[in-house]
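Asker: For reference, the file work.txt (compact mmCIF, C-alpha atoms) is included below:
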# COMPACT_ATOMS: atom_id res chain seq x y z
CA MET A 1 104.73 88.55 -71.25
CA SER A 2 102.29 90.43 -69.01
CA ILE A 3 100.16 93.11 -70.62
CA GLN A 4 101.87 95.67 -68.43
CA ALA A 5 105.27 94.61 -69.80
CA ARG A 6 103.93 94.67 -73.34
CA ILE A 7 102.68 98.24 -72.88
CA GLU A 8 106.05 99.29 -71.47
CA ASP A 9 107.78 97.62 -74.37
CA LYS A 10 105.64 99.20 -77.09
CA LEU A 11 105.84 102.69 -75.63
CA GLN A 12 109.60 102.70 -76.01
CA SER A 13 108.81 103.68 -79.61
CA LEU A 14 108.02 107.20 -78.32
CA ASP A 15 111.54 107.74 -76.96
CA PRO A 16 110.41 108.39 -73.40
CA ASP A 17 112.58 110.41 -71.02
CA TYR A 18 110.36 108.98 -68.31
CA LEU A 19 107.81 106.18 -68.52
CA SER A 20 105.64 104.68 -65.83
CA VAL A 21 102.93 102.10 -66.46
CA GLU A 22 100.75 101.41 -63.41
CA ASN A 23 98.20 98.65 -63.19
CA GLU A 24 95.15 100.24 -61.55
CA SER A 25 92.82 97.33 -62.17
CA HIS A 26 92.45 96.71 -58.45
CA MET A 27 90.55 100.03 -58.23
CA HIS A 28 87.82 98.66 -60.48
CA ASN A 29 85.05 96.13 -60.73
CA VAL A 30 87.18 93.26 -62.11
CA PRO A 31 88.62 89.98 -60.78
CA ALA A 32 91.81 90.05 -58.68
CA ASP A 33 95.10 90.23 -60.63
CA SER A 34 93.35 91.62 -63.71
CA GLU A 35 95.21 93.65 -66.30
CA THR A 36 92.40 95.85 -67.55
CA HIS A 37 92.93 99.36 -66.19
CA PHE A 38 96.26 101.12 -66.61
CA LYS A 39 97.74 104.51 -66.05
CA VAL A 40 100.58 105.64 -68.26
CA THR A 41 102.77 108.63 -67.48
CA LEU A 42 105.12 109.36 -70.34
CA VAL A 43 107.51 112.25 -70.83
CA SER A 44 108.91 112.73 -74.30
CA GLU A 45 110.29 115.46 -76.53
CA ARG A 46 107.98 114.00 -79.22
CA PHE A 47 105.03 115.80 -77.59
CA SER A 48 106.49 119.26 -78.16
CA GLY A 49 104.05 121.46 -80.04
CA LEU A 50 101.30 118.82 -80.01
CA MET A 51 97.83 119.45 -78.57
CA PRO A 52 96.68 116.95 -75.92
CA VAL A 53 94.38 115.06 -78.30
CA LYS A 54 97.24 114.44 -80.74
CA ARG A 55 99.50 113.22 -77.94
CA HIS A 56 96.89 110.74 -76.74
CA GLN A 57 96.28 109.53 -80.28
CA GLN A 58 99.97 108.65 -80.62
CA ILE A 59 99.67 106.39 -77.60
CA TYR A 60 96.41 104.88 -78.84
CA ALA A 61 98.08 104.08 -82.16
CA ALA A 62 101.02 102.37 -80.44
CA LEU A 63 98.70 100.34 -78.20
CA ALA A 64 95.90 99.64 -80.70
CA ASP A 65 96.10 95.86 -80.20
CA GLU A 66 95.96 96.08 -76.42
CA LEU A 67 93.05 98.54 -76.51
CA ALA A 68 91.13 96.38 -78.96
CA GLY A 69 91.65 93.42 -76.63
CA PRO A 70 92.31 93.17 -72.91
CA VAL A 71 92.81 96.81 -71.94
CA HIS A 72 89.59 98.48 -70.86
CA ALA A 73 90.80 101.81 -69.48
CA LEU A 74 93.95 103.77 -70.10
CA ALA A 75 94.61 106.96 -68.17
CA LEU A 76 97.23 109.03 -69.95
CA HIS A 77 99.42 111.76 -68.56
CA LEU A 78 101.68 112.93 -71.35
CA TYR A 79 104.19 115.71 -71.01
CA THR A 80 107.17 117.28 -72.70
CA PRO A 81 110.32 117.32 -70.55
CA GLU A 82 109.74 121.06 -69.86
CA GLU A 83 106.12 120.52 -68.76
CA TRP A 84 107.13 117.59 -66.60
CA GLN A 85 109.78 119.65 -64.86
CA ALA A 86 107.36 122.56 -64.40
CA ARG A 87 104.86 120.33 -62.61
CA GLY A 88 107.52 118.92 -60.32
CA ALA A 89 107.49 115.43 -61.88
CA ASN A 90 104.00 114.73 -60.55
CA ARG A 91 101.10 112.94 -62.24
CA PRO A 92 97.45 113.21 -61.13
CA ASP A 93 95.57 110.41 -59.40
CA SER A 94 92.94 108.37 -61.26
CA PRO A 95 89.34 108.21 -60.08
CA HIS A 96 87.83 105.17 -58.45
CA CYS A 97 85.30 103.00 -60.21
CA ARG A 98 81.54 103.68 -60.09
CA GLY A 99 80.63 100.11 -60.92
CA GLY A 100 79.27 100.45 -64.46
CA GLY A 101 80.45 98.75 -67.62
CA ALA A 102 82.58 96.09 -65.98
CA ALA A 103 85.13 94.64 -68.35
CA SER A 104 83.57 91.77 -70.21
CA MET B 1 78.58 104.42 -94.16
CA SER B 2 76.69 102.67 -91.40
CA GLU B 3 73.56 104.13 -89.88
CA THR B 4 75.28 104.37 -86.52
CA VAL B 5 78.15 106.41 -87.90
CA GLU B 6 75.65 108.76 -89.57
CA LYS B 7 73.81 109.12 -86.27
CA ILE B 8 77.06 109.91 -84.44
CA GLU B 9 78.11 112.47 -87.02
CA GLN B 10 74.72 114.12 -86.78
CA GLN B 11 74.97 114.29 -82.98
CA ILE B 12 78.42 115.84 -83.19
CA ARG B 13 77.26 118.33 -85.83
CA GLU B 14 74.08 119.39 -84.06
CA ASN B 15 75.30 119.63 -80.46
CA PRO B 16 77.99 122.25 -79.91
CA ILE B 17 78.80 120.80 -76.48
CA LEU B 18 78.40 117.03 -76.34
CA ILE B 19 79.71 114.38 -74.00
CA TYR B 20 79.63 110.64 -74.63
CA MET B 21 79.79 109.00 -71.24
CA LYS B 22 78.98 105.91 -69.22
CA GLY B 23 75.83 106.66 -67.26
CA THR B 24 74.19 110.07 -66.97
CA PRO B 25 75.40 113.38 -65.54
CA GLN B 26 73.24 112.70 -62.47
CA LEU B 27 74.34 109.08 -62.16
CA PRO B 28 77.67 108.40 -63.84
CA GLN B 29 78.58 104.71 -64.06
CA CYS B 30 82.33 105.13 -64.28
CA GLY B 31 84.82 107.19 -62.31
CA PHE B 32 86.33 108.71 -65.45
CA SER B 33 82.92 109.77 -66.77
CA ALA B 34 82.02 111.15 -63.34
CA GLN B 35 85.10 113.38 -63.14
CA THR B 36 84.70 114.60 -66.70
CA VAL B 37 81.01 115.47 -66.49
CA GLN B 38 81.58 117.15 -63.14
CA ALA B 39 84.18 119.45 -64.72
CA LEU B 40 81.81 120.13 -67.60
CA MET B 41 78.87 120.92 -65.31
CA ALA B 42 81.07 123.27 -63.30
CA CYS B 43 81.40 125.42 -66.43
CA GLY B 44 77.71 126.28 -66.04
CA GLU B 45 76.54 125.89 -69.64
CA ARG B 46 73.93 123.66 -71.20
CA PHE B 47 75.32 120.55 -72.87
CA ALA B 48 74.08 117.36 -74.49
CA PHE B 49 75.04 113.88 -73.36
CA VAL B 50 74.80 110.37 -74.74
CA ASN B 51 74.92 107.41 -72.36
CA VAL B 52 76.95 104.82 -74.27
CA LEU B 53 75.86 102.06 -71.89
CA ASP B 54 72.32 102.54 -73.26
CA ASN B 55 73.60 102.75 -76.84
CA PRO B 56 75.85 99.77 -77.55
CA ASP B 57 75.94 100.62 -81.27
CA ILE B 58 77.40 104.06 -80.54
CA ARG B 59 79.76 102.57 -77.96
CA ALA B 60 81.10 100.24 -80.64
CA GLU B 61 81.36 102.74 -83.51
CA LEU B 62 82.37 106.05 -81.91
CA PRO B 63 85.95 105.00 -81.15
CA LYS B 64 86.53 104.65 -84.90
CA VAL B 65 84.90 107.99 -85.75
CA GLY B 66 87.09 109.95 -83.36
CA ASN B 67 90.17 107.74 -83.47
CA TRP B 68 89.74 107.56 -79.72
CA PRO B 69 89.23 104.18 -78.06
CA THR B 70 87.80 105.02 -74.64
CA PHE B 71 84.99 106.90 -72.88
CA PRO B 72 84.15 109.55 -71.89
CA GLN B 73 84.67 111.78 -74.91
CA LEU B 74 83.96 115.49 -74.93
CA TRP B 75 83.16 117.04 -78.32
CA VAL B 76 82.93 120.81 -78.73
CA GLU B 77 81.84 122.42 -82.01
CA GLY B 78 82.54 119.25 -83.93
CA GLU B 79 86.02 118.70 -82.52
CA LEU B 80 87.12 116.06 -80.07
CA VAL B 81 88.50 117.84 -77.00
CA GLY B 82 89.51 114.65 -75.23
CA GLY B 83 88.72 112.24 -72.45
CA CYS B 84 88.93 112.46 -68.69
CA ASP B 85 92.64 113.25 -68.37
CA ILE B 86 92.58 116.12 -70.86
CA VAL B 87 89.26 117.61 -69.73
CA VAL B 88 90.15 117.55 -66.03
CA GLU B 89 93.53 119.11 -66.69
CA MET B 90 91.92 121.81 -68.86
CA TYR B 91 89.37 122.46 -66.13
CA GLN B 92 92.08 122.88 -63.54
CA ASN B 93 94.02 125.39 -65.60
CA GLY B 94 90.91 127.33 -66.63
CA GLU B 95 91.00 126.46 -70.34
CA LEU B 96 87.87 124.32 -70.21
CA GLU B 97 85.61 127.08 -68.90
CA THR B 98 86.83 129.46 -71.63
CA LEU B 99 86.28 126.85 -74.32
CA ILE B 100 82.80 125.91 -73.09
CA LYS B 101 81.65 129.49 -72.48
CA ASP B 102 82.84 130.58 -75.92
CA ALA B 103 81.13 127.64 -77.61
CA ALA B 104 77.89 128.30 -75.72
CA ALA B 105 78.00 132.00 -76.61
CA ARG B 106 78.48 131.21 -80.29
CA ALA B 107 75.67 128.65 -80.21
CA ASN B 108 73.28 131.10 -78.54
CA ALA B 109 74.16 133.85 -81.03
CA GLY B 110 73.43 131.42 -83.86
CA GLU B 111 70.05 130.52 -82.40
CA GLU B 112 69.05 134.13 -81.94
CA GLN B 113 69.89 134.85 -85.54
CA ARG B 114 67.76 131.96 -86.70
CA ASP B 115 64.89 133.07 -84.46
CA SER B 116 64.77 136.66 -85.74
What is this structure when it is put down as structure tokens?

Answerer:
Amino acid sequence: MSIQARIEDKLQSLDPDYLSVENESHMHNVPADSETHFKVTLVSERFSGLMPVKRHQQIYAALADELAGPVHALALHLYTPEEWQARGANRPDSPHCRGGGAAS
Amino acid sequence: MSETVEKIEQQIRENPILIYMKGTPQLPQCGFSAQTVQALMACGERFAFVNVLDNPDIRAELPKVGNWPTFPQLWVEGELVGGCDIVVEMYQNGELETLIKDAAARANAGEEQRDS
């Protein structure tokens, strides 16, 4: 299973209303077809009443194995269904690489 | 407790506004660190930074201290505020400037009291 598919699979545990996992590795200083840099957009009722840090920590807990291994960067955009609707179902863009700390 | 963890906890305790990043504010080495430090600098207050690329021990240990696996990390008054996504979003909606200005004001008040 690809790492992307594994991430999608594991994040089902958060009961997402909407889930998108994008491989952004091509934007970084890594070999072609790498699976190192990802962006996750996840909308779930589970985030209601949680500060951003707590929301991110839920994702980090679910993906601890991936983050300890192959995944080098994980951009997270985590919303409740209300917040997602309010922002017009849009997630921000990730920055491009500056060349440092290439995945080893 | 390891020496590195003690060093990290001391840094977090002693610096009311502290960013762990890849590279320096003048020369960030990662797009996420660049965006985050730019938002922080735009708040116009003094802050401390640690370049984790120069400090592999901190780079290895800090994720466990904060239960946060990636860099950058912004810490304000001993609390983890978040990484790039959270800090940039807070900057855009104005929350970051309030947080940073309040923290800086409290830190300055504390210093003045100690000085007098």

Asker: With the cut-off set at 6 Å and counting only C-alpha atoms, tabulate each residue of chain B with an atom at most that distance from an atom of chain A, showing the nearest atom pair and its distance in Å to one decimal, ordered by chain and increasing number, as a Markdown table.

Answerer:
| residue | atom | partner | partner_atom | distance |
| --- | --- | --- | --- | --- |
| B:Gln29 | CA | A:Gly100 | CA | 4.3 |
| B:Cys30 | CA | A:Arg98 | CA | 4.5 |
| B:Gly31 | CA | A:Cys97 | CA | 4.7 |
| B:Gly82 | CA | A:Val53 | CA | 5.8 |

Asker: Taking (80.7, 111.0, -72.8) in the file's coordinates as the center, which residues reach within 8 Å of it, counting only C-alpha atoms, put as a list in words?

Answerer: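 Every residue inside that radius is included here: Leu18, Ile19, Tyr20, Met21, Lys22, Ser33, Val37, Phe49, Val50, Asn51, Val52, Phe71, Pro72, Gln73 and Leu74 of chain B.
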
Asker: What separation in Å, quoted to one decimal, exists between CA of Leu99 in chain B and CA of Leu80 in chain B?

Answerer: 12.3 Å

Asker: Could you jot down the CA of Ala62 in chain A to CA of Gln12 in chain A separation for me, Å, one decimal place?

Answerer: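 Between CA of Ala62 in chain A and CA of Gln12 in chain A the gap is 9.7 Å.
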
Asker: Kindly provide, as a ChimeraX atom specification, the polymer residues lying within 10 Å of (102.5, 95.8, -70.5), counting only C-alpha atoms and using the coordinates exactly as they appear in the file.

Answerer: /A:1-11,21-23,35,38,63,66,71

Asker: Have a look at CA of Ser2 in chain B and CA of Ile58 in chain B and let me know their distance in Å, one decimal.

Answerer: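 A separation of 11.0 Å between them.
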
Asker: I'd like the contact shell of Val76 in chain B - 8 Å cut-off, all atoms listed in the file, skipping same-chain residues fewer than 2 positions apart - returned as a list in words.

Answerer: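 With the cut-off at 8 Å, the set is Asn15, Pro16, Ile17, Leu18, Leu74, Gly78, Glu79, Leu80, Val81, Ile100 and Ala103 of chain B.
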